[in-house]
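Chemist: Please find data_13.txt (compact mmCIF, C-alpha atoms) on the next line:
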```txt
# COMPACT_ATOMS: atom_id res chain seq x y z
CA MET A 40 -9.79 -8.23 18.51
CA LEU A 41 -9.85 -6.08 15.39
CA TYR A 42 -11.81 -2.87 14.88
CA SER A 43 -12.85 -1.79 11.42
CA MET A 44 -14.42 1.10 9.59
CA LYS A 45 -15.41 1.49 5.94
CA TYR A 46 -14.23 4.39 3.81
CA ASN A 47 -15.55 5.37 0.36
CA SER A 48 -12.82 6.48 -2.04
CA ILE A 49 -12.30 7.14 -5.74
CA ILE A 50 -11.15 3.53 -6.11
CA GLY A 51 -14.10 2.07 -4.22
CA GLU A 52 -14.81 1.08 -0.66
CA LEU A 53 -11.83 0.59 1.65
CA LEU A 54 -11.74 -1.26 4.95
CA LEU A 55 -9.62 0.40 7.66
CA VAL A 56 -8.52 -2.02 10.40
CA GLU A 57 -7.03 -1.40 13.84
CA LYS A 58 -5.57 -3.77 16.40
CA ASP A 59 -4.16 -2.86 19.83
CA ASN A 60 -4.23 0.89 19.08
CA PHE A 61 -2.31 0.52 15.80
CA LEU A 62 -3.51 0.71 12.23
CA ILE A 63 -2.76 -2.72 10.75
CA GLY A 64 -4.28 -2.31 7.31
CA VAL A 65 -6.30 -0.46 4.71
CA TRP A 66 -7.68 -2.86 2.13
CA MET A 67 -9.83 -2.46 -0.95
CA MET A 68 -12.90 -4.62 -0.51
CA ASN A 69 -12.32 -8.07 -2.04
CA GLN A 70 -8.78 -7.26 -3.16
CA LYS A 71 -6.21 -10.00 -3.50
CA TYR A 72 -4.84 -10.89 -0.03
CA PHE A 73 -7.76 -9.09 1.67
CA LEU A 74 -7.12 -8.80 5.44
CA GLY A 75 -3.85 -10.72 5.10
CA SER A 76 -3.53 -14.30 6.29
CA GLU A 77 -2.46 -13.22 9.79
CA ASN A 78 -5.81 -11.53 10.58
CA LYS A 79 -8.44 -13.78 9.01
CA SER A 80 -9.24 -15.74 12.17
CA GLU A 81 -9.71 -12.73 14.47
CA GLU A 82 -13.08 -11.26 15.37
CA ILE A 83 -13.74 -7.96 13.62
CA ILE A 84 -16.00 -5.34 15.18
CA GLU A 85 -17.14 -2.35 13.16
CA LYS A 86 -16.40 0.69 15.34
CA GLU A 87 -15.18 4.25 14.69
CA THR A 88 -12.11 4.36 16.94
CA ASN A 89 -9.79 7.36 17.27
CA ILE A 90 -7.14 5.66 15.14
CA LEU A 91 -9.62 4.76 12.41
CA LEU A 92 -11.03 8.30 12.41
CA GLN A 93 -7.46 9.63 12.21
CA THR A 94 -6.89 7.33 9.21
CA LYS A 95 -10.13 8.55 7.60
CA ASN A 96 -8.91 12.13 8.02
CA TRP A 97 -5.55 11.17 6.47
CA LEU A 98 -7.34 9.64 3.47
CA ASP A 99 -9.65 12.68 3.14
CA ARG A 100 -6.58 14.89 2.97
CA TYR A 101 -4.87 12.63 0.44
CA PHE A 102 -7.93 12.66 -1.82
CA ASN A 103 -8.10 16.47 -1.46
CA ASN A 104 -4.63 16.62 -3.08
CA GLU A 105 -2.81 17.27 0.16
CA LYS A 106 0.26 15.21 0.90
CA PRO A 107 -0.17 13.86 4.42
CA SER A 108 2.82 12.08 5.93
CA ILE A 109 2.75 8.37 6.64
CA ASN A 110 4.38 9.20 9.97
CA GLU A 111 1.16 10.85 11.15
CA LEU A 112 -0.46 7.43 11.58
CA PRO A 113 0.30 4.80 14.24
CA ILE A 114 1.08 1.95 11.83
CA THR A 115 2.41 -1.47 12.70
CA PHE A 116 3.56 -3.94 10.07
CA ILE A 117 2.48 -7.56 10.41
CA GLY A 118 4.51 -9.73 8.05
CA THR A 119 7.86 -11.33 7.38
CA GLU A 120 11.07 -9.37 7.81
CA PHE A 121 11.52 -9.30 4.03
CA ARG A 122 8.04 -7.89 3.46
CA LYS A 123 8.62 -5.29 6.17
CA GLU A 124 11.85 -4.22 4.43
CA VAL A 125 9.99 -3.78 1.15
CA TRP A 126 7.09 -1.90 2.79
CA GLU A 127 9.53 0.49 4.48
CA ILE A 128 10.98 1.33 1.06
CA LEU A 129 7.46 1.83 -0.33
CA ALA A 130 6.73 4.26 2.49
CA GLU A 131 9.58 6.47 1.26
CA ILE A 132 8.31 6.88 -2.34
CA PRO A 133 7.32 10.54 -2.71
CA TYR A 134 3.81 11.57 -3.75
CA GLY A 135 3.52 11.73 -7.53
CA GLU A 136 6.68 9.69 -8.20
CA VAL A 137 7.30 6.05 -9.06
CA ILE A 138 10.03 3.47 -8.50
CA THR A 139 10.56 0.12 -10.22
CA TYR A 140 10.52 -3.33 -8.67
CA GLY A 141 14.14 -3.63 -9.82
CA GLU A 142 15.16 -0.45 -8.00
CA ILE A 143 13.61 -1.77 -4.79
CA ALA A 144 15.43 -5.08 -5.28
CA LYS A 145 18.74 -3.21 -5.67
CA LYS A 146 18.10 -1.23 -2.46
CA ILE A 147 17.42 -4.41 -0.50
CA ALA A 148 20.46 -6.18 -1.98
CA LYS A 149 22.65 -3.22 -1.00
CA LYS A 150 21.20 -3.10 2.53
CA ARG A 151 21.73 -6.85 2.95
CA LYS A 152 25.19 -6.69 1.35
CA ILE A 153 24.36 -9.27 -1.29
CA ASP A 154 24.96 -9.19 -5.03
CA ARG A 155 21.33 -9.15 -6.11
CA MET A 156 17.73 -9.57 -5.03
CA SER A 157 14.87 -10.94 -7.11
CA SER A 158 12.45 -8.37 -8.54
CA GLN A 159 9.78 -11.08 -8.49
CA ALA A 160 10.29 -11.57 -4.73
CA VAL A 161 9.92 -7.82 -4.30
CA GLY A 162 6.74 -7.97 -6.40
CA GLY A 163 5.30 -10.61 -4.07
CA ALA A 164 6.00 -8.44 -1.02
CA VAL A 165 4.56 -5.35 -2.73
CA GLY A 166 1.42 -7.34 -3.57
CA HIS A 167 0.95 -8.25 0.10
CA ASN A 168 1.18 -4.63 1.28
CA PRO A 169 -1.66 -4.25 3.81
CA PHE A 170 -1.81 -0.45 3.60
CA THR A 171 -3.46 0.50 0.30
CA ILE A 172 -2.69 4.12 -0.62
CA ILE A 173 -0.99 4.92 2.72
CA ILE A 174 2.02 2.72 1.94
CA PRO A 175 1.98 3.58 -1.77
CA CYS A 176 2.43 0.30 -3.62
CA HIS A 177 0.57 1.92 -6.53
CA ARG A 178 3.77 3.93 -7.11
CA VAL A 179 5.74 0.80 -8.05
CA VAL A 180 6.04 0.04 -11.75
CA GLY A 181 7.87 -2.46 -13.90
CA ASN A 182 10.73 -1.70 -16.24
CA ASN A 183 10.18 0.98 -18.89
CA GLY A 184 6.85 2.15 -17.45
CA ASN A 185 5.15 -1.25 -17.35
CA LEU A 186 2.14 -0.91 -14.99
CA THR A 187 2.30 -4.55 -13.99
CA GLY A 188 0.75 -5.70 -10.75
CA TYR A 189 -1.70 -4.21 -8.29
CA ALA A 190 -3.73 -6.24 -5.80
CA GLY A 191 -6.85 -4.18 -6.49
CA GLY A 192 -6.51 -4.20 -10.28
CA LEU A 193 -4.60 -2.05 -12.74
CA GLU A 194 -7.53 0.32 -13.35
CA LYS A 195 -7.31 1.39 -9.68
CA LYS A 196 -3.54 1.78 -9.87
CA ILE A 197 -3.99 4.03 -12.92
CA LYS A 198 -6.67 6.05 -11.13
CA LEU A 199 -4.37 6.67 -8.12
CA LEU A 200 -1.37 7.61 -10.27
CA THR A 201 -3.57 9.96 -12.30
CA HIS A 202 -4.90 11.46 -9.05
CA GLU A 203 -1.30 12.19 -8.04
CA GLY A 204 -0.71 14.01 -11.32
CA LEU A 205 1.56 11.56 -13.14
CA ASP A 206 1.80 11.82 -16.91
CA MET A 207 0.25 8.49 -17.82
CA SER A 208 1.58 8.63 -21.40
CA LYS A 209 4.90 7.33 -19.98
CA PHE A 210 3.26 4.08 -18.82
CA PHE A 211 1.62 1.08 -20.43
CA VAL A 212 -0.52 -1.87 -19.39
CA PRO A 213 1.45 -5.05 -19.99
CA SER A 214 0.38 -7.94 -22.12
CA LYS A 215 0.05 -11.25 -20.25
CA GLY A 216 3.34 -12.75 -19.14
CA THR A 217 5.32 -9.50 -19.09
CA ALA A 218 8.07 -9.54 -16.48
CA LEU A 219 8.58 -7.04 -13.66
```
Taking this structure as input, can you express it in the form of structure tokens?
Modeler:
Amino acid sequence: MLYSMKYNSIIGELLLVEKDNFLIGVWMMNQKYFLGSENKSEEIIEKETNILLQTKNWLDRYFNNEKPSINELPITFIGTEFRKEVWEILAEIPYGEVITYGEIAKKIAKKRKIDRMSSQAVGGAVGHNPFTIIIPCHRVVGNNGNLTGYAGGLEKKIKLLTHEGLDMSKFFVPSKGTAL
């Protein structure tokens, strides 16, 4: 059974979801990959649990320009081992900083002791991140400041990066077909 709670943010309504005393996701309403394929068949009950209230407090602090730690929340990742590897790297991106898909691919290749990893594969894993804002996939950009990709839409990615104080003049919205 899943428990959920809605949260209003500067990027719209978010759905916070808990399962077995762990936070399993924070999704923008109607975003791509909403609820993830693993959770779609489970019953969802709207209820303000301790974990969901703790997550609400975390988000309140984030939106008040504090820098709460991801480690404050009881998170569990539900996904493939590759996705989990990518999400763990995302969790390490500091507030107000960005990393490229290529840099993440290099980190995974190094960890796995292989020559290279596909940036596109990394992009797919980033896109399936179930923890909007908390696991900061909005801090991942393409080469040379390309703002490619964000499950909730680029305007929300821009809003979050602006909220964190990034100089947006260094970034651009790609034309269709631009690579990671």
Chemist: Looking at only C-alpha atoms, which of A:Met67, A:Met40, A:Ile173, A:Ile197 is the one that sits closest to Glu111 in chain A?
Modeler: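 Going through A:Met67, A:Met40, A:Ile173, A:Ile197 one by one, the smallest distance to Glu111 in chain A is for A:Ile173.
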Chemist: So, counting all atoms listed in the file, which residue among A:Ile83, A:Val165, A:Ile147, A:Leu91 is closest to Arg122 in chain A?
Modeler: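 Comparing A:Ile83, A:Val165, A:Ile147, A:Leu91 against Arg122 in chain A, the winner is A:Val165.
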Chemist: Counting only C-alpha atoms, select every polymer residue within 9 Å of (-0.7, 7.4, 8.7) as defined in the file's coordinates, and provide the selection as a list in words.
Modeler: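 Every residue inside that radius is included here: Leu62, Gln93, Thr94, Trp97, Leu98, Pro107, Ser108, Ile109, Asn110, Glu111, Leu112, Pro113, Ile114, Ile173 and Ile174 of chain A.
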Chemist: Using only C-alpha atoms for the distances, tell me which of A:Tyr42, A:Thr139, A:Asn103, A:Ala164 is nearest to Glu120 in chain A.
Modeler: A:Ala164
Chemist: In Å, how far is it from CA of Phe170 in chain A to CA of Leu54 in chain A?
Modeler: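 CA of Leu54 in chain A lies at a distance of 10.1 Å from CA of Phe170 in chain A.
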Chemist: Choose the residue, out of A:Val179, A:Val56, A:Met207, A:Leu199, that has the smallest atom-to-atom separation from Glu87 in chain A; count only C-alpha atoms.
Modeler: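 Of the candidates, the smallest distance to Glu87 in chain A is held by A:Val56.
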Chemist: When distances are computed from all atoms listed in the file, which of A:Ala148, A:Ile117, A:Leu205, A:Leu53 shows the smallest separation from Glu136 in chain A?
Modeler: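 Between A:Ala148, A:Ile117, A:Leu205, A:Leu53, the residue approaching Glu136 in chain A most closely is A:Leu205.
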Chemist: In the coordinates of the file, take the point (13.5, -0.4, -17.2) and a cut-off of 10 Å; then, counting only C-alpha atoms, name each qualifying protein, DNA or RNA residue as an MDAnalysis selection string.
Modeler: chainID A and resid 139:142 180:185 219
Chemist: Would you mind exporting C-alpha atoms of the selected residues as a PDB file, in the coordinates of the input?
Modeler:
```pdb
ATOM      1  CA  THR A 139      10.560   0.120 -10.220  1.00  0.00           C
ATOM      2  CA  TYR A 140      10.520  -3.330  -8.670  1.00  0.00           C
ATOM      3  CA  GLY A 141      14.140  -3.630  -9.820  1.00  0.00           C
ATOM      4  CA  GLU A 142      15.160  -0.450  -8.000  1.00  0.00           C
ATOM      5  CA  VAL A 180       6.040   0.040 -11.750  1.00  0.00           C
ATOM      6  CA  GLY A 181       7.870  -2.460 -13.900  1.00  0.00           C
ATOM      7  CA  ASN A 182      10.730  -1.700 -16.240  1.00  0.00           C
ATOM      8  CA  ASN A 183      10.180   0.980 -18.890  1.00  0.00           C
ATOM      9  CA  GLY A 184       6.850   2.150 -17.450  1.00  0.00           C
ATOM     10  CA  ASN A 185       5.150  -1.250 -17.350  1.00  0.00           C
ATOM     11  CA  LEU A 219       8.580  -7.040 -13.660  1.00  0.00           C
TER      12      LEU A 219
END
```
Chemist: To one decimal place, how far is CA of Gln159 in chain A from CA of Glu194 in chain A in Å?
Modeler: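 A separation of 21.3 Å between them.
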Chemist: Can you tell me which residues surround range 100-102 of chain A at a distance of at most 9 Å, considering all atoms listed in the file, apart from same-chain residues fewer than 5 positions away, and format the answer as a list in words?
Modeler: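 Near neighbours after the sequence-gap exclusion: Ser48, Ile49, Lys95, Pro107, Ile172, Ile173 and His202 of chain A.
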Chemist: Calculate how many Å separate CA of Asp206 in chain A from CA of Ile138 in chain A, rounding to one decimal.
Modeler: 14.4 Å
Chemist: Find the residue from A:Lys106, A:Arg151, A:Lys195, A:His177 that sits nearest to Val137 in chain A; use all atoms listed in the file when measuring.
Modeler: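 That would be A:His177, the residue with the smallest distance to Val137 in chain A.
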Chemist: Given the block above, output range 140-176 of chain A with N, CA, C and O atoms as a compact mmCIF listing (two decimals), in the first residue's frame.
Modeler:
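What ended up in result_10.txt:
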```txt
# COMPACT_ATOMS: atom_id res chain seq x y z
N TYR A 140 25.55 15.26 -18.39
CA TYR A 140 25.26 13.84 -18.58
C TYR A 140 26.57 13.09 -18.87
O TYR A 140 26.79 11.99 -18.38
N GLY A 141 27.45 13.72 -19.65
CA GLY A 141 28.73 13.11 -19.97
C GLY A 141 29.61 12.89 -18.75
O GLY A 141 30.28 11.86 -18.63
N GLU A 142 29.60 13.84 -17.83
CA GLU A 142 30.39 13.68 -16.60
C GLU A 142 29.86 12.52 -15.76
O GLU A 142 30.64 11.76 -15.17
N ILE A 143 28.54 12.38 -15.70
CA ILE A 143 27.95 11.25 -14.97
C ILE A 143 28.35 9.94 -15.65
O ILE A 143 28.73 8.97 -14.99
N ALA A 144 28.29 9.92 -16.98
CA ALA A 144 28.66 8.71 -17.73
C ALA A 144 30.12 8.33 -17.43
O ALA A 144 30.42 7.15 -17.24
N LYS A 145 31.01 9.31 -17.37
CA LYS A 145 32.41 9.04 -17.07
C LYS A 145 32.57 8.47 -15.65
O LYS A 145 33.37 7.56 -15.43
N LYS A 146 31.82 9.00 -14.70
CA LYS A 146 31.89 8.49 -13.32
C LYS A 146 31.45 7.03 -13.25
O LYS A 146 32.06 6.22 -12.55
N ILE A 147 30.38 6.71 -13.97
CA ILE A 147 29.89 5.33 -13.95
C ILE A 147 30.88 4.41 -14.66
O ILE A 147 31.15 3.30 -14.19
N ALA A 148 31.42 4.85 -15.79
CA ALA A 148 32.41 4.03 -16.51
C ALA A 148 33.61 3.75 -15.61
O ALA A 148 34.09 2.61 -15.54
N LYS A 149 34.08 4.77 -14.91
CA LYS A 149 35.22 4.59 -14.01
C LYS A 149 34.89 3.60 -12.90
O LYS A 149 35.67 2.70 -12.59
N LYS A 150 33.71 3.77 -12.29
CA LYS A 150 33.29 2.88 -11.20
C LYS A 150 33.18 1.43 -11.68
O LYS A 150 33.55 0.50 -10.97
N ARG A 151 32.68 1.25 -12.90
CA ARG A 151 32.50 -0.10 -13.46
C ARG A 151 33.76 -0.63 -14.14
O ARG A 151 33.74 -1.75 -14.66
N LYS A 152 34.79 0.22 -14.20
CA LYS A 152 36.06 -0.17 -14.84
C LYS A 152 35.85 -0.55 -16.31
O LYS A 152 36.34 -1.59 -16.78
N ILE A 153 35.11 0.31 -17.00
CA ILE A 153 34.91 0.13 -18.44
C ILE A 153 35.38 1.40 -19.15
O ILE A 153 35.56 2.45 -18.52
N ASP A 154 35.60 1.29 -20.44
CA ASP A 154 36.15 2.42 -21.20
C ASP A 154 35.20 3.61 -21.27
O ASP A 154 35.63 4.75 -21.16
N ARG A 155 33.93 3.33 -21.51
CA ARG A 155 32.99 4.44 -21.63
C ARG A 155 31.57 3.98 -21.32
O ARG A 155 31.26 2.79 -21.35
N MET A 156 30.72 4.96 -21.05
CA MET A 156 29.31 4.73 -20.78
C MET A 156 28.54 5.73 -21.64
O MET A 156 28.98 6.87 -21.82
N SER A 157 27.39 5.36 -22.10
CA SER A 157 26.57 6.20 -22.96
C SER A 157 25.91 7.34 -22.18
O SER A 157 25.24 7.10 -21.18
N SER A 158 26.09 8.55 -22.65
CA SER A 158 25.40 9.71 -22.05
C SER A 158 23.90 9.59 -22.24
O SER A 158 23.13 10.02 -21.38
N GLN A 159 23.48 8.99 -23.35
CA GLN A 159 22.04 8.81 -23.59
C GLN A 159 21.44 7.84 -22.58
O GLN A 159 20.31 8.05 -22.10
N ALA A 160 22.18 6.78 -22.23
CA ALA A 160 21.70 5.85 -21.20
C ALA A 160 21.57 6.56 -19.87
O ALA A 160 20.59 6.37 -19.14
N VAL A 161 22.54 7.40 -19.56
CA VAL A 161 22.48 8.20 -18.33
C VAL A 161 21.25 9.10 -18.38
O VAL A 161 20.52 9.22 -17.40
N GLY A 162 21.01 9.74 -19.53
CA GLY A 162 19.85 10.61 -19.68
C GLY A 162 18.55 9.88 -19.42
O GLY A 162 17.63 10.41 -18.79
N GLY A 163 18.45 8.63 -19.87
CA GLY A 163 17.25 7.84 -19.61
C GLY A 163 17.05 7.58 -18.12
O GLY A 163 15.93 7.69 -17.61
N ALA A 164 18.14 7.27 -17.43
CA ALA A 164 18.06 7.03 -15.98
C ALA A 164 17.71 8.32 -15.23
O ALA A 164 16.90 8.31 -14.30
N VAL A 165 18.32 9.43 -15.65
CA VAL A 165 18.02 10.72 -15.02
C VAL A 165 16.54 11.04 -15.20
O VAL A 165 15.86 11.47 -14.27
N GLY A 166 16.01 10.79 -16.39
CA GLY A 166 14.60 11.07 -16.68
C GLY A 166 13.63 10.25 -15.85
O GLY A 166 12.50 10.66 -15.63
N HIS A 167 14.08 9.08 -15.38
CA HIS A 167 13.22 8.22 -14.56
C HIS A 167 13.42 8.45 -13.06
O HIS A 167 12.88 7.71 -12.24
N ASN A 168 14.18 9.47 -12.69
CA ASN A 168 14.40 9.79 -11.27
C ASN A 168 13.04 10.01 -10.59
O ASN A 168 12.29 10.90 -10.98
N PRO A 169 12.73 9.23 -9.56
CA PRO A 169 11.43 9.39 -8.90
C PRO A 169 11.39 10.48 -7.81
O PRO A 169 10.35 10.68 -7.20
N PHE A 170 12.50 11.17 -7.59
CA PHE A 170 12.56 12.12 -6.48
C PHE A 170 12.79 13.55 -6.98
O PHE A 170 13.86 14.13 -6.76
N THR A 171 11.80 14.12 -7.64
CA THR A 171 11.91 15.49 -8.12
C THR A 171 12.40 16.40 -7.00
O THR A 171 11.95 16.29 -5.86
N ILE A 172 13.33 17.25 -7.32
CA ILE A 172 13.95 18.24 -6.43
C ILE A 172 14.87 17.58 -5.40
O ILE A 172 16.02 17.98 -5.27
N ILE A 173 14.41 16.59 -4.68
CA ILE A 173 15.20 15.98 -3.60
C ILE A 173 16.45 15.30 -4.16
O ILE A 173 17.55 15.50 -3.66
N ILE A 174 16.30 14.49 -5.18
CA ILE A 174 17.43 13.95 -5.93
C ILE A 174 17.49 14.86 -7.16
O ILE A 174 16.67 14.73 -8.06
N PRO A 175 18.41 15.81 -7.18
CA PRO A 175 18.32 16.97 -8.08
C PRO A 175 18.66 16.73 -9.54
O PRO A 175 19.69 17.18 -10.05
N CYS A 176 17.78 16.06 -10.26
CA CYS A 176 18.01 15.84 -11.69
C CYS A 176 17.95 17.15 -12.47
O CYS A 176 18.46 17.23 -13.59
```
